[in-house]
Amino acid sequence: LIDVIGNVYKETGELTEDGEPVCVKEDGYFVNVRIINDSQISSLFDEYVVAVEHQLRGWM
């Protein structure tokens, strides 16, 4: 099962009138992957992993 939990955004380097960074949506999603069949291994997804430059999401 794959649950999409968010999108990936990148700062453009520009600022809005309020001084906030302008961001554009990139291709890709944050997802939770739940393996429900022990015969499947998580390395199946290794080719799809994208490491972001800065952490975009924090967990509490």
# chains A, B, ... in the order shown; residues from 1 in each chain; ligands from 1
>>> residues_around(residues="Val22 (chain A)", least_positions_apart="2", cutoff="10 Å", atoms="only C-alpha atoms", output="list of chain:residue names")
A:Tyr9, A:Lys10, A:Glu11, A:Thr12, A:Gly13, A:Glu14, A:Leu15, A:Thr16, A:Gly19, A:Glu20, A:Val24
>>> write_last_selection(atoms="N, CA and C atoms", output="CSV table (one decimal), in the first residue's frame")
chain,number,residue,atom,x,y,z
A,9,TYR,N,8.3,20.4,-2.9
A,9,TYR,CA,8.4,21.8,-3.5
A,9,TYR,C,9.9,22.2,-3.4
A,10,LYS,N,10.3,23.1,-4.3
A,10,LYS,CA,11.6,23.6,-4.3
A,10,LYS,C,11.5,25.2,-4.3
A,11,GLU,N,12.4,25.8,-3.6
A,11,GLU,CA,12.4,27.3,-3.6
A,11,GLU,C,13.1,27.7,-4.9
A,12,THR,N,12.5,28.8,-5.5
A,12,THR,CA,13.1,29.3,-6.7
A,12,THR,C,14.2,30.4,-6.5
A,13,GLY,N,14.3,30.9,-5.3
A,13,GLY,CA,15.3,31.9,-5.0
A,13,GLY,C,14.6,33.3,-5.1
A,14,GLU,N,13.4,33.4,-5.5
A,14,GLU,CA,12.6,34.6,-5.6
A,14,GLU,C,11.8,34.8,-4.3
A,15,LEU,N,11.4,36.0,-4.0
A,15,LEU,CA,10.6,36.3,-2.8
A,15,LEU,C,9.3,37.0,-3.2
A,16,THR,N,8.2,36.7,-2.4
A,16,THR,CA,7.0,37.4,-2.7
A,16,THR,C,7.1,38.8,-2.1
A,19,GLY,N,8.0,39.0,1.4
A,19,GLY,CA,9.3,38.5,1.8
A,19,GLY,C,9.4,37.0,1.9
A,20,GLU,N,8.3,36.3,1.6
A,20,GLU,CA,8.3,34.8,1.7
A,20,GLU,C,8.9,34.2,0.4
A,24,VAL,N,8.1,26.1,-6.1
A,24,VAL,CA,7.4,25.5,-7.2
A,24,VAL,C,7.3,24.0,-6.9
>>> atom_distance(atom1="CA of Asp27 (chain A)", atom2="CA of Phe45 (chain A)")
16.8 Å
